[in-house]
Structures are given as C-alpha cells and as structure tokens.
>>> print(open('work-v7.txt').read())   # compact mmCIF, C-alpha atoms and all ligand atoms
# COMPACT_ATOMS: atom_id res chain seq x y z
CA MET A 8 0.00 0.00 0.00
CA LYS A 9 1.26 3.46 -0.90
CA THR A 10 1.43 5.54 2.29
CA VAL A 11 1.43 9.10 3.59
CA ARG A 12 3.41 10.29 6.59
CA LEU A 13 1.62 12.51 9.09
CA LEU A 14 3.51 15.34 10.80
CA ASP A 15 3.90 13.25 13.95
CA GLY A 16 5.53 10.47 11.93
CA THR A 17 2.51 8.16 11.84
CA ILE A 18 2.19 6.33 8.53
CA VAL A 19 -1.31 6.00 7.04
CA PRO A 20 -2.50 4.44 3.78
CA ALA A 21 -2.75 6.80 0.81
CA ILE A 22 -6.11 5.27 -0.10
CA GLY A 23 -8.60 4.85 2.72
CA GLN A 24 -12.35 4.31 2.84
CA GLY A 25 -15.07 6.99 2.94
CA THR A 26 -18.45 6.30 4.51
CA TRP A 27 -20.83 9.12 3.61
CA THR A 28 -24.33 7.49 3.21
CA THR A 29 -22.93 4.17 4.51
CA GLY A 30 -25.32 2.68 7.05
CA GLU A 31 -28.39 4.50 5.77
CA ASP A 32 -29.96 1.60 3.84
CA PRO A 33 -30.43 -1.59 5.92
CA ARG A 34 -30.45 -3.69 2.72
CA LEU A 35 -26.84 -2.70 2.03
CA ARG A 36 -25.60 -3.13 5.60
CA ALA A 37 -24.05 -6.60 5.34
CA GLU A 38 -22.14 -5.80 2.15
CA GLU A 39 -21.04 -2.39 3.48
CA ILE A 40 -19.61 -4.05 6.58
CA ALA A 41 -17.94 -6.77 4.50
CA THR A 42 -16.47 -4.06 2.25
CA LEU A 43 -14.97 -2.09 5.13
CA ARG A 44 -13.51 -5.29 6.60
CA GLU A 45 -12.05 -6.39 3.31
CA GLY A 46 -10.61 -2.91 2.90
CA ILE A 47 -8.83 -3.32 6.24
CA ASP A 48 -7.51 -6.71 5.08
CA ARG A 49 -6.17 -5.08 1.91
CA GLY A 50 -4.47 -2.22 3.74
CA ALA A 51 -7.09 0.50 3.22
CA SER A 52 -7.31 0.70 6.97
CA LEU A 53 -8.01 4.43 7.25
CA ILE A 54 -11.78 4.82 7.65
CA ASP A 55 -13.39 8.25 7.40
CA THR A 56 -16.75 8.93 9.03
CA ALA A 57 -18.58 11.81 10.76
CA GLU A 58 -21.37 12.40 13.23
CA MET A 59 -23.21 13.97 10.28
CA TYR A 60 -23.30 10.83 8.13
CA GLY A 61 -26.77 9.38 8.60
CA GLU A 62 -26.89 11.30 11.89
CA GLY A 63 -24.72 8.63 13.49
CA ALA A 64 -25.73 5.67 11.31
CA SER A 65 -22.37 5.62 9.54
CA GLU A 66 -20.40 5.71 12.80
CA ASP A 67 -22.60 2.93 14.13
CA LEU A 68 -21.93 0.74 11.09
CA VAL A 69 -18.20 1.50 11.23
CA GLY A 70 -18.24 0.50 14.91
CA GLU A 71 -19.71 -2.85 13.95
CA ALA A 72 -17.27 -3.32 11.06
CA ILE A 73 -14.16 -2.69 13.16
CA ALA A 74 -15.28 -4.67 16.21
CA GLY A 75 -12.38 -6.84 17.34
CA ARG A 76 -10.02 -5.10 14.89
CA ARG A 77 -9.70 -1.64 16.40
CA ASP A 78 -5.91 -1.69 16.52
CA GLU A 79 -5.69 -2.34 12.77
CA VAL A 80 -7.68 0.76 11.91
CA PHE A 81 -6.92 4.47 11.65
CA LEU A 82 -10.26 6.02 12.50
CA VAL A 83 -11.26 9.52 11.38
CA SER A 84 -14.45 11.27 12.50
CA LYS A 85 -15.77 14.82 12.49
CA VAL A 86 -17.70 17.20 14.67
CA TYR A 87 -20.50 19.38 13.25
CA PRO A 88 -19.56 23.08 13.31
CA TRP A 89 -22.60 23.92 15.46
CA ASN A 90 -21.43 21.40 18.07
CA ALA A 91 -17.88 22.79 18.02
CA SER A 92 -17.97 24.92 21.17
CA ARG A 93 -15.57 23.86 23.90
CA ALA A 94 -18.15 21.77 25.80
CA GLY A 95 -20.07 20.79 22.66
CA THR A 96 -17.02 19.30 20.95
CA ILE A 97 -16.28 17.12 23.95
CA ALA A 98 -19.90 15.96 24.19
CA ALA A 99 -20.04 15.24 20.43
CA CYS A 100 -16.82 13.24 20.64
CA GLU A 101 -18.19 11.17 23.52
CA ARG A 102 -21.29 10.35 21.44
CA SER A 103 -19.12 9.38 18.46
CA LEU A 104 -16.92 7.14 20.61
CA LYS A 105 -20.02 5.37 21.87
CA ARG A 106 -21.39 4.77 18.37
CA LEU A 107 -17.97 3.67 17.15
CA ARG A 108 -17.64 1.37 20.17
CA THR A 109 -14.11 2.49 20.84
CA ASP A 110 -12.19 4.48 23.42
CA ARG A 111 -10.32 6.69 20.92
CA ILE A 112 -10.52 8.37 17.54
CA ASP A 113 -7.21 8.60 15.65
CA LEU A 114 -8.04 11.86 13.90
CA TYR A 115 -10.93 14.15 14.85
CA LEU A 116 -11.85 16.94 12.46
CA LEU A 117 -13.92 20.11 12.55
CA HIS A 118 -16.23 19.28 9.61
CA TRP A 119 -16.38 22.84 8.32
CA ARG A 120 -15.97 26.28 9.78
CA GLY A 121 -18.92 27.61 11.76
CA GLU A 122 -19.74 30.27 14.32
CA HIS A 123 -17.72 28.99 17.25
CA PRO A 124 -14.29 30.64 17.65
CA LEU A 125 -11.54 28.35 16.36
CA ALA A 126 -9.65 28.78 19.63
CA GLU A 127 -12.57 27.20 21.53
CA THR A 128 -12.75 24.19 19.24
CA VAL A 129 -8.98 23.74 19.37
CA ALA A 130 -9.02 23.97 23.18
CA ALA A 131 -11.60 21.17 23.21
CA PHE A 132 -9.52 19.11 20.75
CA GLU A 133 -6.45 19.55 22.96
CA ALA A 134 -8.43 18.54 26.07
CA LEU A 135 -9.70 15.42 24.25
CA LYS A 136 -6.15 14.63 23.20
CA LYS A 137 -4.89 14.98 26.74
CA ALA A 138 -7.65 12.65 27.93
CA GLY A 139 -6.61 10.06 25.30
CA LYS A 140 -10.00 10.22 23.56
CA ILE A 141 -8.51 11.48 20.31
CA ARG A 142 -4.97 10.94 19.09
CA ARG A 143 -4.78 14.03 16.89
CA TRP A 144 -7.07 16.65 15.37
CA GLY A 145 -7.53 18.54 12.15
CA VAL A 146 -9.97 20.53 10.06
CA SER A 147 -12.04 20.10 6.93
CA ASN A 148 -13.18 22.48 4.20
CA PHE A 149 -10.70 25.13 5.36
CA ASP A 150 -9.46 27.38 2.57
CA HIS A 151 -5.95 28.81 2.50
CA GLY A 152 -7.05 31.92 4.43
CA ASP A 153 -8.75 29.82 7.11
CA MET A 154 -5.59 27.78 7.51
CA ASP A 155 -3.51 30.95 7.80
CA GLU A 156 -5.84 32.15 10.54
CA LEU A 157 -5.68 28.80 12.33
CA MET A 158 -1.88 28.77 12.20
CA ASP A 159 -1.31 32.52 12.79
CA GLY A 160 -3.40 32.44 15.94
CA LYS A 161 -0.82 29.97 17.26
CA VAL A 162 -3.70 27.64 18.04
CA GLY A 163 -3.30 25.47 14.97
CA GLY A 164 0.23 24.20 15.38
CA ALA A 165 -0.93 20.66 16.06
CA CYS A 166 -3.39 20.53 13.14
CA ALA A 167 -2.81 17.17 11.41
CA THR A 168 -4.67 17.72 8.13
CA ASP A 169 -7.18 19.69 6.11
CA GLN A 170 -9.76 17.43 4.45
CA VAL A 171 -10.98 19.08 1.26
CA LEU A 172 -12.72 18.41 -2.03
CA TYR A 173 -10.05 17.36 -4.53
CA ASN A 174 -10.26 15.39 -7.72
CA LEU A 175 -9.50 15.80 -11.43
CA SER A 176 -12.50 18.06 -11.93
CA ARG A 177 -11.84 20.13 -8.75
CA ARG A 178 -8.23 21.22 -8.92
CA GLY A 179 -8.56 24.66 -7.32
CA ILE A 180 -6.42 23.76 -4.30
CA GLU A 181 -3.41 23.31 -6.58
CA TRP A 182 -3.18 27.10 -6.83
CA ASP A 183 -2.44 27.88 -3.20
CA LEU A 184 -3.69 25.47 -0.51
CA LEU A 185 -1.87 22.38 -1.77
CA PRO A 186 1.54 24.05 -2.40
CA TRP A 187 1.29 25.69 1.02
CA ALA A 188 0.42 22.38 2.73
CA ARG A 189 3.30 20.68 0.91
CA SER A 190 5.68 23.44 2.01
CA ILE A 191 5.03 22.49 5.65
CA ASN A 192 4.57 18.74 4.98
CA LEU A 193 0.94 18.90 6.06
CA PRO A 194 -0.99 16.01 4.49
CA ILE A 195 -4.21 16.84 2.69
CA MET A 196 -7.17 14.44 2.67
CA ALA A 197 -8.98 14.42 -0.67
CA TYR A 198 -12.69 13.84 -0.28
CA SER A 199 -15.01 12.88 -3.13
CA PRO A 200 -11.97 11.79 -5.17
CA LEU A 201 -14.36 10.33 -7.76
CA GLU A 202 -16.55 13.45 -7.71
CA GLN A 203 -19.26 11.20 -6.21
CA ALA A 204 -19.00 8.93 -9.29
CA ARG A 205 -19.73 11.74 -11.77
CA LEU A 206 -16.13 11.63 -13.02
CA LEU A 207 -16.61 8.02 -14.05
CA PHE A 208 -18.94 9.12 -16.84
CA ASP A 209 -16.45 11.59 -18.30
CA ARG A 210 -15.72 10.53 -21.86
CA GLU A 211 -12.17 11.89 -21.97
CA LEU A 212 -11.22 10.24 -18.70
CA LYS A 213 -12.69 6.96 -19.91
CA THR A 214 -10.75 7.16 -23.17
CA ILE A 215 -7.43 7.91 -21.45
CA ALA A 216 -8.07 5.10 -18.94
CA GLU A 217 -9.09 2.57 -21.59
CA GLY A 218 -5.94 3.40 -23.55
CA ARG A 219 -3.90 2.29 -20.53
CA GLY A 220 -6.01 -0.77 -19.79
CA VAL A 221 -7.36 0.60 -16.51
CA THR A 222 -10.75 1.89 -15.41
CA ALA A 223 -11.74 5.54 -15.03
CA ALA A 224 -12.02 5.10 -11.24
CA GLN A 225 -8.53 3.63 -11.04
CA LEU A 226 -7.00 6.40 -13.11
CA ALA A 227 -8.81 9.15 -11.18
CA LEU A 228 -7.66 7.75 -7.83
CA ALA A 229 -4.10 7.05 -9.00
CA TRP A 230 -3.85 10.69 -10.12
CA VAL A 231 -5.05 12.02 -6.72
CA VAL A 232 -2.43 10.14 -4.73
CA ASP A 233 0.38 10.21 -7.29
CA ARG A 234 2.38 13.18 -6.05
CA GLY A 235 2.39 12.22 -2.40
CA GLY A 236 1.12 13.99 0.69
CA VAL A 237 -2.51 13.40 -0.34
CA ILE A 238 -4.80 10.75 1.16
CA ALA A 239 -7.80 9.76 -0.97
CA ILE A 240 -10.89 8.41 0.76
CA PRO A 241 -13.16 6.99 -1.95
CA LYS A 242 -16.43 5.52 -0.76
CA ALA A 243 -17.53 2.16 -2.13
CA SER A 244 -20.39 0.04 -0.87
CA SER A 245 -19.32 -3.25 -2.43
CA ARG A 246 -16.23 -5.42 -2.30
CA ARG A 247 -16.17 -5.45 -6.10
CA ARG A 248 -15.84 -1.67 -6.27
CA LEU A 249 -13.38 -1.60 -3.41
CA ALA A 250 -11.16 -4.06 -5.28
CA GLU A 251 -11.41 -2.00 -8.44
CA ASN A 252 -10.52 1.19 -6.58
CA LEU A 253 -7.53 -0.34 -4.83
CA GLY A 254 -6.29 -1.37 -8.26
CA ALA A 255 -5.38 2.33 -8.56
CA LEU A 256 -2.30 1.54 -6.51
CA ASP A 257 -0.84 -0.35 -9.47
CA VAL A 258 -1.49 2.45 -11.96
CA GLU A 259 1.50 4.54 -12.94
CA ILE A 260 0.89 8.17 -13.81
CA THR A 261 3.53 8.61 -16.51
CA PRO A 262 4.37 12.10 -17.81
CA GLU A 263 2.30 11.28 -20.92
CA VAL A 264 -0.76 10.29 -18.88
CA ARG A 265 -0.34 13.37 -16.69
CA ALA A 266 -0.18 15.60 -19.76
CA ALA A 267 -3.29 13.97 -21.25
CA LEU A 268 -5.17 14.46 -17.97
CA ASP A 269 -3.99 18.09 -17.74
CA LEU A 270 -5.46 18.72 -21.19
CA ALA A 271 -8.79 17.14 -20.27
CA PHE A 272 -8.89 18.61 -16.75
CA PRO A 273 -6.78 21.79 -16.77
CA PRO A 274 -5.04 22.92 -13.60
CA PRO A 275 -6.17 26.26 -12.12
CA HIS A 276 -4.86 29.50 -13.65
CA ARG A 277 -5.91 31.75 -10.79
CA ALA A 278 -7.02 31.60 -7.17
CA THR A 279 -10.59 30.41 -6.67
CA PRO A 280 -12.54 29.96 -3.43
CA LEU A 281 -12.41 26.42 -2.03
CA GLU A 282 -15.33 24.37 -3.31
CA MET A 283 -17.38 22.16 -1.00
CA LEU A 284 -19.81 19.29 -1.48
N1 LIG A 301 -15.24 16.57 4.84
C1 LIG A 301 -16.27 16.70 4.04
O1 LIG A 301 -16.95 17.75 4.01
C2 LIG A 301 -16.63 15.57 3.12
C3 LIG A 301 -17.52 15.78 2.06
C4 LIG A 301 -17.81 14.72 1.21
C5 LIG A 301 -17.23 13.47 1.44
N2 LIG A 301 -16.40 13.27 2.50
C6 LIG A 301 -15.78 11.95 2.77
O2 LIG A 301 -15.14 11.51 1.58
C7 LIG A 301 -15.67 10.25 1.20
C8 LIG A 301 -15.65 10.09 -0.30
O3 LIG A 301 -16.43 11.08 -0.92
P1 LIG A 301 -17.88 10.79 -1.53
O4 LIG A 301 -18.50 9.61 -0.89
O5 LIG A 301 -18.61 12.09 -1.48
O6 LIG A 301 -17.59 10.52 -3.08
P2 LIG A 301 -16.61 9.58 -3.92
O7 LIG A 301 -15.81 8.72 -3.06
O8 LIG A 301 -15.94 10.47 -4.90
O9 LIG A 301 -17.66 8.72 -4.74
C9 LIG A 301 -18.51 7.81 -4.10
C10 LIG A 301 -19.53 7.33 -5.12
O10 LIG A 301 -18.85 6.67 -6.19
C11 LIG A 301 -19.35 5.35 -6.31
N3 LIG A 301 -18.22 4.49 -6.63
C12 LIG A 301 -17.13 4.25 -5.86
N4 LIG A 301 -16.27 3.45 -6.50
C13 LIG A 301 -16.84 3.16 -7.69
C14 LIG A 301 -16.43 2.37 -8.81
N5 LIG A 301 -15.28 1.73 -8.80
N6 LIG A 301 -17.28 2.29 -9.87
C15 LIG A 301 -18.44 2.96 -9.88
N7 LIG A 301 -18.89 3.73 -8.86
C16 LIG A 301 -18.08 3.83 -7.79
C17 LIG A 301 -19.98 5.02 -4.99
O11 LIG A 301 -21.02 4.10 -5.22
P3 LIG A 301 -21.43 2.99 -4.14
O12 LIG A 301 -21.40 3.66 -2.81
O13 LIG A 301 -22.79 2.60 -4.59
O14 LIG A 301 -20.44 1.89 -4.23
C18 LIG A 301 -20.52 6.36 -4.55
O15 LIG A 301 -21.75 6.62 -5.16
C19 LIG A 301 -17.07 10.26 1.80
O16 LIG A 301 -17.67 9.00 1.82
C20 LIG A 301 -16.78 10.86 3.14
O17 LIG A 301 -16.19 9.91 4.01
C21 LIG A 301 -16.07 14.32 3.32
>>> encode(input="work-v7.txt", output="structure tokens")
Amino acid sequence: MKTVRLLDGTIVPAIGQGTWTTGEDPRLRAEEIATLREGIDRGASLIDTAEMYGEGASEDLVGEAIAGRRDEVFLVSKVYPWNASRAGTIAACERSLKRLRTDRIDLYLLHWRGEHPLAETVAAFEALKKAGKIRRWGVSNFDHGDMDELMDGKVGGACATDQVLYNLSRRGIEWDLLPWARSINLPIMAYSPLEQARLLFDRELKTIAEGRGVTAAQLALAWVVDRGGVIAIPKASSRRRLAENLGALDVEITPEVRAALDLAFPPPHRATPLEML
C-alpha cells in the first residue's frame, strides 16, 4: 500500500475508505460491513466517518465493522460546526466514541468552519487529546485563508490535516492550498476523489483510462495520490468496487498520462474559493 506520513511520523494508507451514506440503507448493511472489513484486510485501513453521516448511522456501522479489529484501523471522524464549542465538541466526541464502540478516535476533524471561535474548538480538541480520547485533530473544508488564521493564531500548530474536495475536476487547491500544505509537509485528505461517481462518466477520462487498460475510477484515484502527501478516501459500498478502486495503486501516472489528464482537466490558472460538497 502506498502511504502518507503525518507530521507526527505516523504512517497511514494513501487510499482509505469513505463512509458518507454508509449505514443508511439496511439492505446494504451486510455488504457495506464486509467491504470495510475487506478494505482493512487489503491495507485501506483508514476509515473516514462523521457524526453527520446518517446522523450517526455511519459511525454505528463502522463501529460494527471494526469490532475486534480496532488496533488495525486508523479512525477519522468529524464534529459538526454547530457542536464545536468547547463543551459541545467534547460531548459530540463522547457520542461518536459510543457509536464507534471504541475508546479513541485517531483523527478528529472540525467538519467545516462555523460560528464557534476556532480557539474554543482547538481547546476542546487539545483537552480530548490529553484525555486520550482522540490521538490528533484537524480541520475540513478550510481554505488557505482559514488555515492561515488557524496557524497565525498559534492555536493550529498541532493541526494534522485539512480534508478538502479534490479530484480531477476540482483542482482549485493546486493554486495555493496544496503548495502551502506541501511546504510544511501537512498532508491533505482528498474527499469525493471520484466526484461522487460523476467523473466516471467523463468521456475523456474513460478514453485515457481505456488506452492504458485501466478503469476511469482507477486512473482518477491514481492521479489524486500520485504526487504524495494526499490521502484519498473513496467511498464504495461493495467489495467489487473496493477491489477496483484499490487497483489504482498499481497504476503509474507517466508524464504522458499526466499531460493527457492536464489537457482534459486543466489545472487552475488563478485563485478560486475552495469548493465544497
Ligand atoms: N469533509 C467533508 O466535508 C466531506 C464531504 C464529502 C465526502 N467526505 C468523505 O469523503 C468520502 C468520499 O467522498 P464521496 O463519498 O462524497 O464521493 P466519492 O468517493 O468520490 O464517490 C462515491 C460514489 O462513487 C461510487 N463508486 C465508488 N467506486 C466506484 C467504482 N469503482 N465504480 C463505480 N462507482 C463507484 C460510490 O457508489 P457505491 O457507494 O454505490 O459503491 C458512490 O456513489 C465520503 O464518503 C466521506 O467519508 C467528506
């Protein structure tokens, strides 16, 4: 498995597993659990969830999937911005731990920026860390300016990541956020790396992928993780799709493939506000 090094030296897989909408349809439950477990077996042991996903249903399913295997998993969850006061963050984390049936979350993120002062949320994160309930914390959907504010206020020094929308059709972060993160070795987590499957219907992507004997999903994911420092968290609800997606790890992004993808999905030519899904 290709890996990414966190600032504290911890090594995590470059391709993990997303879980937005996982756990919402009881008919899919058994296969979703089997998929997460097989993902752990195959090294995609970073699992991303949030209190938001199915209002706890995703965390609950993840808890069931990782039962008995907690030490093999790097668990990521997120607090809603409106819960992110000092006391609210701690209470939300306790609820997540209960649903996840664990005593710790490896990486706890502020899902997006809200009304609560960042310093309050960070103080709660640090208190949770001290209590051993989270191992590290980070943010999500923070644009370059938000990150500057987090770091300048001297409260953000321990921030482990910024989880943002990044895929071939959403390359805005390459203008400023990504180079900045790379300059301080801060890993970025790329959410919706398949653009919620919409990319898979793109004719140009399909043509480039077919020319290399790989699928559009594999090429899209291989591109996201190719340059290092980026963790992709595609969501798949079946073992078949999981296997296909992990095939991305064997796909080489040659200079020719990169150039073809740049033509089809041009890099940004100016700063644009961070997009969110
Ligand atoms: N921090 C944030 O604000 C934020 C926002 C969005 C997402 N996220 C996280 O990032 C994860 C990934 O993003 P996402 O779920 O929005 O989108 P995504 O991973 O880009 O795409 C997921 C969609 O693609 C389908 N899919 C996956 N592999 C496929 C394949 N090989 N062939 C065909 N279809 C395939 C899935 O279908 P099936 O499920 O039916 O297999 C699902 O509909 C989320 O699950 C969540 O954990 C975070």
>>> residues_near_ligand(input="work-v7.txt", ligand="ligand LIG 301 (chain A)", cutoff="9 Å", atoms="all atoms listed in the file", output="number ranges by chain")
A: 24-29, 39, 54-57, 60, 83-85, 116-119, 146-148, 169-172, 174, 196-207, 222-225, 239-253, 283-284
>>> atom_distance(input="work-v7.txt", atom1="atom CA of A:Ser176", atom2="atom CA of A:Ala51")
23.8 Å
>>> residues_around(input="work-v7.txt", residues="A:Arg219", least_positions_apart="3", cutoff="9 Å", atoms="only C-alpha atoms", output="list in words")
Thr214, Ile215, Ala216, Thr222, Val258 and Val264 of chain A
>>> residues_around(input="work-v7.txt", residues="A:Trp187", least_positions_apart="4", cutoff="12 Å", atoms="all atoms listed in the file", output="list in words")
Asp150, His151, Gly152, Met154, Asp155, Asp169, Ile180, Glu181, Trp182, Asp183, Ile191, Asn192, Leu193, Pro194, Ile195 and Gly236 of chain A
>>> write_last_selection(input="work-v7.txt", atoms="C-alpha atoms", output="mmCIF file, in the frame of the given file")
data_model
loop_
_atom_site.group_PDB
_atom_site.id
_atom_site.type_symbol
_atom_site.label_atom_id
_atom_site.label_comp_id
_atom_site.auth_asym_id
_atom_site.auth_seq_id
_atom_site.Cartn_x
_atom_site.Cartn_y
_atom_site.Cartn_z
ATOM 1 C CA ASP A 150 -9.460 27.380 2.570
ATOM 2 C CA HIS A 151 -5.950 28.810 2.500
ATOM 3 C CA GLY A 152 -7.050 31.920 4.430
ATOM 4 C CA MET A 154 -5.590 27.780 7.510
ATOM 5 C CA ASP A 155 -3.510 30.950 7.800
ATOM 6 C CA ASP A 169 -7.180 19.690 6.110
ATOM 7 C CA ILE A 180 -6.420 23.760 -4.300
ATOM 8 C CA GLU A 181 -3.410 23.310 -6.580
ATOM 9 C CA TRP A 182 -3.180 27.100 -6.830
ATOM 10 C CA ASP A 183 -2.440 27.880 -3.200
ATOM 11 C CA ILE A 191 5.030 22.490 5.650
ATOM 12 C CA ASN A 192 4.570 18.740 4.980
ATOM 13 C CA LEU A 193 0.940 18.900 6.060
ATOM 14 C CA PRO A 194 -0.990 16.010 4.490
ATOM 15 C CA ILE A 195 -4.210 16.840 2.690
ATOM 16 C CA GLY A 236 1.120 13.990 0.690
#
>>> residues_around(input="work-v7.txt", residues="stretch 98-100 of chain A", least_positions_apart="4", cutoff="10 Å", atoms="all atoms listed in the file", output="list in words")
Glu58, Ser84, Lys85, Val86, Tyr87, Asn90, Ala91, Ser92, Arg93, Ala94, Leu104, Lys105, Arg106, Arg111, Ile112, Tyr115, Ala131, Phe132, Leu135, Lys140 and Ile141 of chain A
>>> axis_aligned_box(input="work-v7.txt", around="stretch 216-225 of chain A", padding_each_side="6 Å", output="AutoDock Vina command-line options")
--center_x -8.0 --center_y 2.4 --center_z -17.3 --size_x 20.1 --size_y 18.3 --size_z 24.5
>>> closest_residue(input="work-v7.txt", among="A:Glu217, A:Trp89, A:Ala188, A:Lys137", to="A:Met158", atoms="all atoms listed in the file")
A:Ala188
>>> atom_distance(input="work-v7.txt", atom1="atom CA of A:Arg234", atom2="atom CA of A:Gly218")
21.7 Å
>>> build_atoms(input="work-v7.txt", residues="stretch 28-46 of chain A", atoms="N, CA and C atoms", output="compact mmCIF listing (two decimals), in the frame of the given file")
# COMPACT_ATOMS: atom_id res chain seq x y z
N THR A 28 -23.11 8.26 3.58
CA THR A 28 -24.33 7.49 3.21
C THR A 28 -24.23 6.01 3.62
N THR A 29 -23.06 5.55 4.02
CA THR A 29 -22.93 4.17 4.51
C THR A 29 -23.80 4.02 5.77
N GLY A 30 -24.53 2.94 5.84
CA GLY A 30 -25.32 2.68 7.05
C GLY A 30 -26.73 3.23 6.97
N GLU A 31 -27.05 3.89 5.86
CA GLU A 31 -28.39 4.50 5.77
C GLU A 31 -29.44 3.53 5.21
N ASP A 32 -29.00 2.54 4.44
CA ASP A 32 -29.96 1.60 3.84
C ASP A 32 -29.70 0.21 4.43
N PRO A 33 -30.65 -0.29 5.24
CA PRO A 33 -30.43 -1.59 5.92
C PRO A 33 -30.16 -2.72 4.93
N ARG A 34 -30.67 -2.61 3.70
CA ARG A 34 -30.45 -3.69 2.72
C ARG A 34 -28.98 -3.80 2.31
N LEU A 35 -28.26 -2.69 2.46
CA LEU A 35 -26.84 -2.70 2.03
C LEU A 35 -25.89 -3.02 3.17
N ARG A 36 -26.45 -3.08 4.39
CA ARG A 36 -25.60 -3.13 5.60
C ARG A 36 -24.54 -4.25 5.57
N ALA A 37 -24.98 -5.47 5.27
CA ALA A 37 -24.05 -6.60 5.34
C ALA A 37 -22.89 -6.41 4.36
N GLU A 38 -23.21 -5.98 3.14
CA GLU A 38 -22.14 -5.80 2.15
C GLU A 38 -21.25 -4.61 2.51
N GLU A 39 -21.85 -3.55 3.07
CA GLU A 39 -21.04 -2.39 3.48
C GLU A 39 -20.04 -2.78 4.56
N ILE A 40 -20.51 -3.59 5.51
CA ILE A 40 -19.61 -4.05 6.58
C ILE A 40 -18.52 -4.95 6.00
N ALA A 41 -18.93 -5.87 5.12
CA ALA A 41 -17.94 -6.77 4.50
C ALA A 41 -16.92 -5.97 3.70
N THR A 42 -17.37 -4.90 3.05
CA THR A 42 -16.47 -4.06 2.25
C THR A 42 -15.44 -3.37 3.14
N LEU A 43 -15.92 -2.77 4.23
CA LEU A 43 -14.97 -2.09 5.13
C LEU A 43 -13.95 -3.09 5.68
N ARG A 44 -14.44 -4.29 6.04
CA ARG A 44 -13.51 -5.29 6.60
C ARG A 44 -12.50 -5.75 5.56
N GLU A 45 -13.00 -5.96 4.34
CA GLU A 45 -12.05 -6.39 3.31
C GLU A 45 -11.04 -5.28 3.02
N GLY A 46 -11.52 -4.04 3.10
CA GLY A 46 -10.61 -2.91 2.90
C GLY A 46 -9.50 -2.93 3.94
